[in-house]
file start.tsv (TSV, C-alpha atoms)
chain	number	residue	atom	x	y	z
A	12	MET	CA	169.05	58.41	212.70
A	13	ASN	CA	168.96	59.86	209.21
A	14	GLY	CA	171.87	62.18	208.54
A	15	SER	CA	170.75	63.19	205.05
A	16	THR	CA	170.96	66.88	204.30
A	17	ASP	CA	167.52	66.52	202.69
A	18	ASN	CA	166.09	65.91	206.15
A	19	VAL	CA	167.45	68.85	208.12
A	20	PHE	CA	165.25	69.71	211.06
A	21	VAL	CA	164.00	73.18	211.96
A	22	ASP	CA	163.04	72.28	215.54
A	23	TYR	CA	165.17	69.54	217.11
A	24	ARG	CA	162.48	68.49	219.58
A	25	ALA	CA	159.80	68.30	216.91
A	26	TRP	CA	162.16	66.37	214.64
A	27	LEU	CA	163.01	63.93	217.40
A	28	GLY	CA	159.32	63.42	218.13
A	29	GLY	CA	158.80	62.33	214.55
A	30	GLN	CA	161.55	59.68	214.56
A	31	THR	CA	160.62	56.02	214.92
A	32	MET	CA	162.04	54.73	218.21
A	33	PRO	CA	160.87	53.24	221.53
A	34	PRO	CA	159.23	55.80	223.89
A	35	GLY	CA	161.86	55.23	226.59
A	36	LYS	CA	164.66	56.06	224.19
A	37	ARG	CA	162.94	59.23	223.04
A	38	LYS	CA	162.36	60.31	226.66
A	39	ALA	CA	166.04	59.73	227.44
A	40	LEU	CA	167.15	61.83	224.48
A	41	LEU	CA	164.80	64.70	225.28
A	42	ALA	CA	165.71	64.70	228.97
A	43	GLY	CA	169.40	64.40	228.12
A	44	LEU	CA	169.08	67.45	225.90
A	45	GLU	CA	167.70	69.53	228.77
A	46	VAL	CA	170.02	68.22	231.49
A	47	PHE	CA	173.22	68.47	229.41
A	48	ALA	CA	172.29	72.01	228.32
A	49	ALA	CA	171.61	73.10	231.91
A	50	ASN	CA	174.52	71.35	233.67
A	51	GLY	CA	177.10	70.53	231.00
A	52	TYR	CA	178.32	67.04	230.27
A	53	ASP	CA	180.49	66.69	233.37
A	54	GLY	CA	177.84	68.16	235.66
A	55	ALA	CA	175.07	65.88	234.42
A	56	SER	CA	174.42	62.38	235.73
A	57	THR	CA	172.37	59.57	234.23
A	58	GLN	CA	170.28	59.61	237.42
A	59	GLN	CA	169.41	63.27	236.80
A	60	ILE	CA	168.50	62.43	233.23
A	61	ALA	CA	166.42	59.44	234.32
A	62	ASP	CA	164.57	61.57	236.87
A	63	ALA	CA	163.90	64.31	234.30
A	64	ALA	CA	162.65	61.71	231.81
A	65	GLY	CA	160.50	59.85	234.32
A	66	ILE	CA	162.27	56.59	233.55
A	67	SER	CA	164.82	54.40	235.33
A	68	GLN	CA	168.58	54.45	234.79
A	69	ALA	CA	168.19	50.87	233.57
A	70	THR	CA	166.04	52.15	230.72
A	71	ILE	CA	168.74	54.63	229.73
A	72	PHE	CA	171.40	51.91	229.73
A	73	LYS	CA	169.12	49.65	227.72
A	74	TYR	CA	169.55	52.01	224.77
A	75	PHE	CA	172.87	53.71	225.56
A	76	LYS	CA	175.84	51.89	227.08
A	77	THR	CA	177.31	55.02	228.65
A	78	LYS	CA	176.49	58.65	229.35
A	79	ARG	CA	178.90	59.49	226.55
A	80	GLU	CA	176.95	57.37	224.09
A	81	LEU	CA	173.75	59.19	225.04
A	82	LEU	CA	175.45	62.54	224.49
A	83	LEU	CA	176.71	61.49	221.05
A	84	ALA	CA	173.26	60.21	220.11
A	85	ILE	CA	171.89	63.68	220.91
A	86	LEU	CA	174.67	65.45	219.01
A	87	GLU	CA	174.76	63.25	215.90
A	88	PRO	CA	171.74	64.76	214.12
A	89	ILE	CA	172.84	68.27	215.14
A	90	VAL	CA	176.29	67.76	213.65
A	91	ASN	CA	174.84	66.09	210.55
A	92	ASN	CA	172.45	68.99	210.03
A	93	MET	CA	174.79	71.75	211.17
A	94	PHE	CA	172.95	75.04	210.79
A	95	GLY	CA	170.94	73.64	207.87
A	96	LEU	CA	173.10	75.47	205.34
A	97	TYR	CA	172.75	72.57	202.92
A	98	GLN	CA	169.02	71.97	203.33
A	99	ALA	CA	167.01	71.94	200.09
A	100	SER	CA	164.19	74.11	201.48
A	101	PHE	CA	166.69	76.60	202.92
A	102	ILE	CA	168.57	76.89	199.63
A	103	ALA	CA	165.30	77.25	197.73
A	104	GLY	CA	164.39	80.28	199.85
A	105	ILE	CA	167.51	82.26	198.89
A	106	PRO	CA	166.37	85.34	196.94
A	107	ASP	CA	166.90	85.26	193.18
A	108	GLY	CA	169.32	87.67	191.58
A	109	ASP	CA	172.66	89.10	192.64
A	110	ASP	CA	171.66	91.33	195.57
A	111	LEU	CA	174.24	90.11	198.06
A	112	ARG	CA	172.81	92.13	200.94
A	113	ALA	CA	169.33	90.63	200.42
A	114	ILE	CA	170.83	87.14	200.32
A	115	VAL	CA	172.84	87.73	203.49
A	116	ASN	CA	169.75	89.14	205.21
A	117	TYR	CA	167.81	85.99	204.36
A	118	ILE	CA	170.58	83.71	205.61
A	119	VAL	CA	171.02	85.62	208.88
A	120	THR	CA	167.29	85.93	209.60
A	121	ASP	CA	166.57	82.27	208.83
A	122	ARG	CA	169.55	80.79	210.66
A	123	LEU	CA	169.22	83.09	213.66
A	124	HIS	CA	165.67	81.78	214.06
A	125	PHE	CA	167.04	78.23	213.80
A	126	LEU	CA	169.62	78.91	216.51
A	127	GLN	CA	167.04	80.45	218.83
A	128	VAL	CA	164.55	77.61	218.40
A	129	ASN	CA	167.25	75.00	219.04
A	130	ALA	CA	169.21	76.92	221.67
A	131	ASP	CA	169.56	74.00	224.11
A	132	ALA	CA	170.82	71.66	221.41
A	133	VAL	CA	173.26	74.19	219.98
A	134	ILE	CA	174.61	75.04	223.45
A	135	ILE	CA	175.47	71.37	223.97
A	136	LEU	CA	177.03	71.16	220.53
A	137	LEU	CA	179.19	74.25	220.84
A	138	THR	CA	180.41	73.48	224.36
A	139	GLN	CA	181.36	69.97	223.30
A	140	VAL	CA	183.00	71.17	220.08
A	141	LEU	CA	185.17	73.47	222.18
A	142	THR	CA	186.36	70.60	224.39
A	143	ASN	CA	186.14	67.50	222.17
A	144	ALA	CA	188.71	67.38	219.35
A	145	ASP	CA	187.10	64.42	217.56
A	146	LEU	CA	183.67	66.02	217.55
A	147	ARG	CA	185.15	69.35	216.50
A	148	GLN	CA	186.85	67.78	213.49
A	149	GLN	CA	183.73	65.81	212.58
A	150	GLY	CA	181.66	68.99	212.60
A	151	LEU	CA	184.23	70.97	210.63
A	152	ASN	CA	184.47	68.23	208.02
A	153	LYS	CA	180.71	68.26	207.53
A	154	LEU	CA	180.68	72.04	207.23
A	155	MET	CA	183.65	72.46	204.94
A	156	TYR	CA	183.30	69.26	202.94
A	157	PRO	CA	179.56	68.55	202.62
A	158	ASN	CA	178.13	65.75	200.52
A	159	LYS	CA	178.67	67.15	197.02
A	160	GLU	CA	176.24	64.64	195.55
A	161	ASN	CA	173.45	66.49	197.36
A	162	ASP	CA	171.60	68.81	194.96
A	163	ALA	CA	171.14	71.47	197.64
A	164	VAL	CA	174.90	71.58	198.24
A	165	LEU	CA	175.60	71.99	194.54
A	166	GLN	CA	173.01	74.72	194.24
A	167	GLY	CA	174.38	76.59	197.25
A	168	VAL	CA	177.92	76.45	195.86
A	169	GLN	CA	176.69	77.61	192.46
A	170	ILE	CA	174.90	80.60	194.00
A	171	MET	CA	178.07	81.72	195.76
A	172	GLN	CA	180.21	81.17	192.65
A	173	GLN	CA	177.74	83.16	190.55
A	174	LEU	CA	177.91	86.04	193.02
A	175	GLN	CA	181.68	85.97	192.62
A	176	ALA	CA	181.39	85.86	188.84
A	177	VAL	CA	179.32	89.06	188.76
A	178	GLY	CA	181.69	90.84	191.13
A	179	LYS	CA	179.64	90.78	194.34
A	180	ILE	CA	181.85	88.49	196.47
A	181	ARG	CA	185.61	88.98	196.74
A	182	PRO	CA	187.29	86.85	194.06
A	183	GLU	CA	190.04	85.50	196.30
A	184	MET	CA	187.56	83.78	198.62
A	185	THR	CA	187.00	80.03	198.26
A	186	VAL	CA	183.58	78.50	198.89
A	187	ALA	CA	184.93	77.27	202.24
A	188	ASP	CA	186.00	80.84	203.07
A	189	ILE	CA	182.50	82.09	202.30
A	190	PHE	CA	180.73	79.53	204.48
A	191	ARG	CA	183.32	79.97	207.23
A	192	THR	CA	182.63	83.71	207.28
A	193	ILE	CA	178.89	83.15	207.59
A	194	ILE	CA	179.05	80.32	210.11
A	195	GLY	CA	181.80	81.97	212.17
A	196	GLN	CA	179.79	85.13	212.73
A	197	LEU	CA	176.58	83.25	213.58
A	198	GLY	CA	178.46	80.94	215.94
A	199	ALA	CA	180.25	83.84	217.66
A	200	TYR	CA	176.95	85.68	218.11
A	201	PHE	CA	175.31	82.61	219.62
A	202	LEU	CA	178.17	82.02	222.05
A	203	GLN	CA	178.07	85.63	223.22
A	204	ARG	CA	174.29	85.81	223.42
A	205	TYR	CA	173.53	82.48	225.11
A	206	LEU	CA	176.72	81.54	226.99
A	207	VAL	CA	178.68	84.70	227.77
A	208	SER	CA	175.88	87.22	228.37
A	209	PRO	CA	172.58	85.31	228.62
A	210	GLU	CA	171.12	87.96	230.90
A	211	GLU	CA	171.18	90.63	228.18
A	212	PRO	CA	167.78	91.40	226.64
A	213	VAL	CA	167.11	89.94	223.21
A	214	GLY	CA	167.11	92.53	220.43
A	215	THR	CA	166.48	90.38	217.39
A	216	MET	CA	165.99	93.15	214.83
A	217	ARG	CA	169.16	94.92	215.92
A	218	ASP	CA	171.04	91.62	216.10
A	219	VAL	CA	170.02	90.75	212.54
A	220	SER	CA	171.15	94.18	211.33
A	221	VAL	CA	174.56	93.92	213.03
A	222	LEU	CA	175.16	90.35	211.82
A	223	GLU	CA	174.00	91.20	208.30
A	224	THR	CA	176.40	94.13	208.05
A	225	THR	CA	179.34	92.19	209.52
A	226	ILE	CA	178.89	89.20	207.21
A	227	TYR	CA	178.17	91.37	204.17
A	228	ASN	CA	181.32	93.41	204.73
A	229	GLY	CA	183.33	90.21	205.14
A	230	LEU	CA	182.18	88.95	201.73
A	231	ALA	CA	181.55	91.97	199.56
A	232	VAL	CA	183.92	93.38	196.97
A	233	GLN	CA	182.69	96.82	198.00
A	234	PRO	CA	181.86	96.78	201.72
A	235	GLU	CA	179.24	99.21	202.91
A	236	SER	CA	178.30	100.67	206.26
A	237	ALA	CA	174.80	100.26	207.63
A	238	SER	CA	173.35	102.35	210.42
A	239	VAL	CA	172.22	100.38	213.46
A	240	ASP	CA	169.90	101.85	216.05
A	241	LYS	CA	171.27	101.63	219.55
call {"tool": "encode", "arguments": {"input": "start.tsv", "output": "structure tokens"}}
result
Amino acid sequence: MNGSTDNVFVDYRAWLGGQTMPPGKRKALLAGLEVFAANGYDGASTQQIADAAGISQATIFKYFKTKRELLLAILEPIVNNMFGLYQASFIAGIPDGDDLRAIVNYIVTDRLHFLQVNADAVIILLTQVLTNADLRQQGLNKLMYPNKENDAVLQGVQIMQQLQAVGKIRPEMTVADIFRTIIGQLGAYFLQRYLVSPEEPVGTMRDVSVLETTIYNGLAVQPESASVDK
């Protein structure tokens, strides 16, 4: 699977459908995504996955030696493309100029849509990151130390540094601090919305407003308050 940040997916299922692989392998990955998200890794069995995929367990083990290997095959592209913050098309959509609030609004709106579209995949990722130290470190390394030869990465870093240079972002923050602030708030929101309180009604416009204000105030030299309708 291609881990290039130039190839970040918007919809995991659609992306997987476009990859070149045997049909049985694709069915196993798609079914594994659903079964792991619904039951967790420990609560899922390869027989459940085989039944959901309409294939035999033997077909699963033809492509994946263990249930763990299937899980990692599902997670690899998600980790490689974590939140799409280094995707060329995402970076290109960042508003021109030095309006930090407009930039934060774009990031929150775009990435919140990404999280909602790929909820099953992100649930698996976050639950495994919380319990798997190796996977957690792999994900953090990709977030904090992206491929600096990638043009989108360089452009994203330059945008944040320029905002610091004109006095919009707090000068003591490193680039890693900036991305950690953004990713941390989005990740915390997702955990609360989809794992802690999934029964709560979705209020996307309000959610965007709250997240925008929280992230903006975490970055800005001069934090501001924004009214949020209850």
call {"tool": "residues_around", "arguments": {"input": "start.tsv", "residues": "range 197-200 of chain A", "least_positions_apart": "3", "cutoff": "12 Å", "atoms": "all atoms listed in the file", "output": "number ranges by chain"}}
result
A: 93-94, 96, 115, 118-127, 130, 133-134, 136-138, 140-141, 190-194, 203-209, 213, 215, 218-219, 221-223, 225-226
call {"tool": "atom_distance", "arguments": {"input": "start.tsv", "atom1": "CA of Ala99 in chain A", "atom2": "CA of Gly178 in chain A"}}
result
25.6 Å
call {"tool": "residues_near_point", "arguments": {"input": "start.tsv", "point": "(177.3, 70.8, 233.6)", "cutoff": "12 Å", "atoms": "all atoms listed in the file", "output": "list in words"}}
result
Gly43, Leu44, Glu45, Val46, Phe47, Ala48, Ala49, Asn50, Gly51, Tyr52, Asp53, Gly54, Ala55, Ser56, Gln59, Ile134, Ile135, Thr138 and Gln139 of chain A
call {"tool": "write_last_selection", "arguments": {"input": "start.tsv", "atoms": "C-alpha atoms", "output": "PDB file, in the coordinates of the input"}}
result
ATOM      1  CA  GLY A  43     169.400  64.400 228.120  1.00  0.00           C
ATOM      2  CA  LEU A  44     169.080  67.450 225.900  1.00  0.00           C
ATOM      3  CA  GLU A  45     167.700  69.530 228.770  1.00  0.00           C
ATOM      4  CA  VAL A  46     170.020  68.220 231.490  1.00  0.00           C
ATOM      5  CA  PHE A  47     173.220  68.470 229.410  1.00  0.00           C
ATOM      6  CA  ALA A  48     172.290  72.010 228.320  1.00  0.00           C
ATOM      7  CA  ALA A  49     171.610  73.100 231.910  1.00  0.00           C
ATOM      8  CA  ASN A  50     174.520  71.350 233.670  1.00  0.00           C
ATOM      9  CA  GLY A  51     177.100  70.530 231.000  1.00  0.00           C
ATOM     10  CA  TYR A  52     178.320  67.040 230.270  1.00  0.00           C
ATOM     11  CA  ASP A  53     180.490  66.690 233.370  1.00  0.00           C
ATOM     12  CA  GLY A  54     177.840  68.160 235.660  1.00  0.00           C
ATOM     13  CA  ALA A  55     175.070  65.880 234.420  1.00  0.00           C
ATOM     14  CA  SER A  56     174.420  62.380 235.730  1.00  0.00           C
ATOM     15  CA  GLN A  59     169.410  63.270 236.800  1.00  0.00           C
ATOM     16  CA  ILE A 134     174.610  75.040 223.450  1.00  0.00           C
ATOM     17  CA  ILE A 135     175.470  71.370 223.970  1.00  0.00           C
ATOM     18  CA  THR A 138     180.410  73.480 224.360  1.00  0.00           C
ATOM     19  CA  GLN A 139     181.360  69.970 223.300  1.00  0.00           C
TER      20      GLN A 139
END
call {"tool": "atom_distance", "arguments": {"input": "start.tsv", "atom1": "CA of Val168 in chain A", "atom2": "CA of Asn116 in chain A"}}
result
17.8 Å
call {"tool": "atom_distance", "arguments": {"input": "start.tsv", "atom1": "CA of Ala42 in chain A", "atom2": "CA of Ala64 in chain A"}}
result
5.1 Å
call {"tool": "closest_residue", "arguments": {"input": "start.tsv", "among": "A:Ala187, A:Ile180, A:Ile170, A:Gln175", "to": "Pro234 in chain A", "atoms": "only C-alpha atoms"}}
result
A:Ile180
call {"tool": "closest_residue", "arguments": {"input": "start.tsv", "among": "A:Ile105, A:Ala144, A:Met32, A:Ala132", "to": "Ile89 in chain A", "atoms": "only C-alpha atoms"}}
result
A:Ala132
call {"tool": "residues_around", "arguments": {"input": "start.tsv", "residues": "Gln173 in chain A", "least_positions_apart": "3", "cutoff": "12 Å", "atoms": "only C-alpha atoms", "output": "list in words"}}
result
Asp107, Gly108, Asp109, Asp110, Leu111, Gln166, Gly167, Val168, Gln169, Ile170, Ala176, Val177, Gly178, Lys179, Ile180, Arg181, Pro182 and Val186 of chain A
call {"tool": "residues_around", "arguments": {"input": "start.tsv", "residues": "range 36-40 of chain A", "least_positions_apart": "4", "cutoff": "8 Å", "atoms": "only C-alpha atoms", "output": "tab-separated table (two decimals) with C-alpha atoms, in the frame of the given file"}}
result
chain	number	residue	atom	x	y	z
A	27	LEU	CA	163.01	63.93	217.40
A	28	GLY	CA	159.32	63.42	218.13
A	32	MET	CA	162.04	54.73	218.21
A	44	LEU	CA	169.08	67.45	225.90
A	60	ILE	CA	168.50	62.43	233.23
A	61	ALA	CA	166.42	59.44	234.32
A	64	ALA	CA	162.65	61.71	231.81
A	65	GLY	CA	160.50	59.85	234.32
A	66	ILE	CA	162.27	56.59	233.55
A	70	THR	CA	166.04	52.15	230.72
A	71	ILE	CA	168.74	54.63	229.73
A	74	TYR	CA	169.55	52.01	224.77
A	81	LEU	CA	173.75	59.19	225.04
A	84	ALA	CA	173.26	60.21	220.11
A	85	ILE	CA	171.89	63.68	220.91
